[in-house]
$ cat input-v8.cif   # mmCIF, C-alpha atoms
data_coords
loop_
_atom_site.label_atom_id
_atom_site.label_comp_id
_atom_site.auth_asym_id
_atom_site.auth_seq_id
_atom_site.Cartn_x
_atom_site.Cartn_y
_atom_site.Cartn_z
CA MET A 683 25.02 -27.12 130.91
CA GLN A 684 21.80 -25.31 131.74
CA GLN A 685 19.34 -24.72 128.91
CA LYS A 686 18.51 -21.06 128.20
CA LYS A 687 14.97 -19.99 129.14
CA ILE A 688 12.81 -18.95 126.17
CA PRO A 689 10.74 -15.80 126.88
CA MET A 690 7.03 -16.42 126.27
CA ARG A 691 4.44 -13.78 125.38
CA LYS A 692 0.67 -13.93 124.85
CA CYS A 693 -0.78 -13.05 121.45
CA THR A 694 -3.54 -10.44 121.81
CA GLY A 695 -5.38 -12.02 118.86
CA CYS A 696 -5.60 -15.73 119.70
CA ASN A 697 -4.63 -15.52 123.41
CA GLU A 698 -2.02 -18.27 123.02
CA MET A 699 1.35 -18.20 124.78
CA LYS A 700 4.14 -18.39 122.18
CA PRO A 701 7.89 -17.76 122.08
CA LYS A 702 8.62 -14.04 121.85
CA LYS A 703 10.55 -14.43 118.56
CA GLU A 704 7.47 -15.86 116.78
CA LEU A 705 5.38 -12.76 117.56
CA VAL A 706 5.37 -9.17 116.29
CA ARG A 707 5.44 -6.38 118.86
CA VAL A 708 3.05 -3.47 118.47
CA VAL A 709 4.35 -0.54 120.50
CA LYS A 710 2.91 2.73 121.82
CA SER A 711 5.77 5.23 122.07
CA PRO A 712 5.99 7.73 124.94
CA GLU A 713 4.72 10.37 122.46
CA GLY A 714 1.57 8.27 121.87
CA GLU A 715 2.41 7.00 118.36
CA ILE A 716 1.44 3.37 117.70
CA SER A 717 3.62 1.35 115.31
CA MET A 718 4.90 -2.14 114.60
CA ASP A 719 8.24 -2.96 116.22
CA LEU A 720 9.98 -5.71 114.25
CA THR A 721 13.21 -5.46 116.29
CA GLY A 722 11.52 -5.64 119.70
CA LYS A 723 13.79 -2.86 120.99
CA LYS A 724 11.70 0.33 120.64
CA SER A 725 10.88 2.10 123.88
CA GLY A 726 7.28 2.22 125.01
CA ARG A 727 4.37 -0.01 125.99
CA GLY A 728 4.19 -3.20 123.94
CA ALA A 729 1.58 -5.76 122.97
CA TYR A 730 2.26 -8.89 120.96
CA VAL A 731 0.42 -10.35 117.94
CA CYS A 732 1.07 -13.44 115.81
CA ARG A 733 2.48 -12.82 112.34
CA SER A 734 -0.93 -13.54 110.75
CA LYS A 735 -3.61 -11.11 109.61
CA LYS A 736 -6.21 -13.36 111.26
CA CYS A 737 -4.80 -12.71 114.74
CA LEU A 738 -4.39 -8.99 114.06
CA SER A 739 -8.00 -8.67 112.92
CA ALA A 740 -9.18 -10.64 115.99
CA ALA A 741 -7.25 -8.26 118.26
CA ILE A 742 -8.74 -5.25 116.45
CA LYS A 743 -12.29 -6.63 116.56
CA ALA A 744 -12.14 -7.33 120.30
CA LYS A 745 -10.40 -3.96 120.93
CA ARG A 746 -7.60 -5.78 122.76
CA LEU A 747 -4.92 -3.38 121.51
CA GLU A 748 -6.94 -0.41 122.79
CA ARG A 749 -7.22 -2.13 126.17
CA ALA A 750 -3.50 -2.94 126.26
CA PHE A 751 -2.50 0.66 125.46
CA GLU A 752 -5.31 2.24 127.54
CA CYS A 753 -6.31 4.64 124.75
CA SER A 754 -8.53 4.76 121.67
CA ILE A 755 -6.75 3.95 118.43
CA PRO A 756 -7.72 5.71 115.16
CA GLU A 757 -8.78 3.58 112.18
CA GLU A 758 -5.84 4.73 110.01
CA VAL A 759 -3.41 3.19 112.53
CA TYR A 760 -5.12 -0.19 112.12
CA VAL A 761 -4.96 0.17 108.33
CA ARG A 762 -1.22 0.94 108.55
CA LEU A 763 -0.61 -2.07 110.85
CA GLU A 764 -2.45 -4.38 108.42
CA GLY A 765 -0.38 -2.93 105.55
CA GLU A 766 2.85 -3.60 107.43
CA MET A 767 1.69 -7.15 108.13
CA ASP A 768 1.29 -7.67 104.34
CA GLY A 769 4.98 -6.81 103.83
CA GLU A 770 6.15 -9.89 105.76
#
$ encode --input "input-v8.cif" --output "structure tokens"
Amino acid sequence: MQQKKIPMRKCTGCNEMKPKKELVRVVKSPEGEISMDLTGKKSGRGAYVCRSKKCLSAAIKAKRLERAFECSIPEEVYVRLEGEMDGE
């Protein structure tokens, strides 16, 4: 029996390749709203971050999420993302 391939994604914070299920997807919807996608099924452009605040803050500091979504992100969106990361 053939073993199922595990999808790998790169964390925008630490730049490490990890299994997709270990990461949280941050998504930019077609309307331009940026939110955290815990199911991985929302439509839109996605970027992945580890489930740690350290990786999220590294991605914010290096503006990697802004580069991934090709737009500037307001500060209140970052605050909301950090708040949602606390809930896990």
$ atom_distance --input "input-v8.cif" --atom1 "atom CA of A:Arg691" --atom2 "atom CA of A:Thr721"
15.1 Å
$ residues_around --input "input-v8.cif" --residues "A:Lys702" --least-positions-apart "4" --cutoff "12 Å" --atoms "only C-alpha atoms" --output "list in words"
Lys687, Ile688, Pro689, Met690, Arg691, Lys692, Cys693, Glu698, Val706, Arg707, Leu720, Thr721, Gly722, Gly728, Ala729, Tyr730, Val731, Cys732 and Arg733 of chain A
$ closest_residue --input "input-v8.cif" --among "A:Asn697, A:Glu764, A:Ala750, A:Gly726" --to "A:Lys710" --atoms "all atoms listed in the file"
A:Gly726
$ closest_atom_pairs --input "input-v8.cif" --of "stretch 700-741 of chain A" --to "stretch 765-768 of chain A" --cutoff "9 Å" --atoms "all atoms listed in the file" --output "Markdown table"
| residue | atom | partner | partner_atom | distance |
| --- | --- | --- | --- | --- |
| A:Met718 | CA | A:Glu766 | CA | 7.6 |
| A:Arg733 | CA | A:Met767 | CA | 7.1 |
| A:Ser734 | CA | A:Met767 | CA | 7.4 |
| A:Lys735 | CA | A:Met767 | CA | 6.8 |
| A:Leu738 | CA | A:Met767 | CA | 8.7 |
$ resolve_selection --input "input-v8.cif" --expression "the PyMOL selection byres ((chain A and resi 748) around 12)" --output "list in words"
Thr694, Val708, Val709, Lys710, Ile716, Arg727, Gly728, Ala729, Ala741, Ile742, Lys743, Ala744, Lys745, Arg746, Leu747, Arg749, Ala750, Phe751, Glu752, Cys753, Ser754, Ile755, Pro756, Glu757, Val759 and Tyr760 of chain A
$ closest_residue --input "input-v8.cif" --among "A:Ser717, A:Leu705, A:Gly695, A:Pro712" --to "A:Val761" --atoms "all atoms listed in the file"
A:Ser717
$ atom_distance --input "input-v8.cif" --atom1 "atom CA of A:Glu713" --atom2 "atom CA of A:Met699"
28.9 Å
$ atom_distance --input "input-v8.cif" --atom1 "atom CA of A:Arg762" --atom2 "atom CA of A:Ser739"
12.5 Å
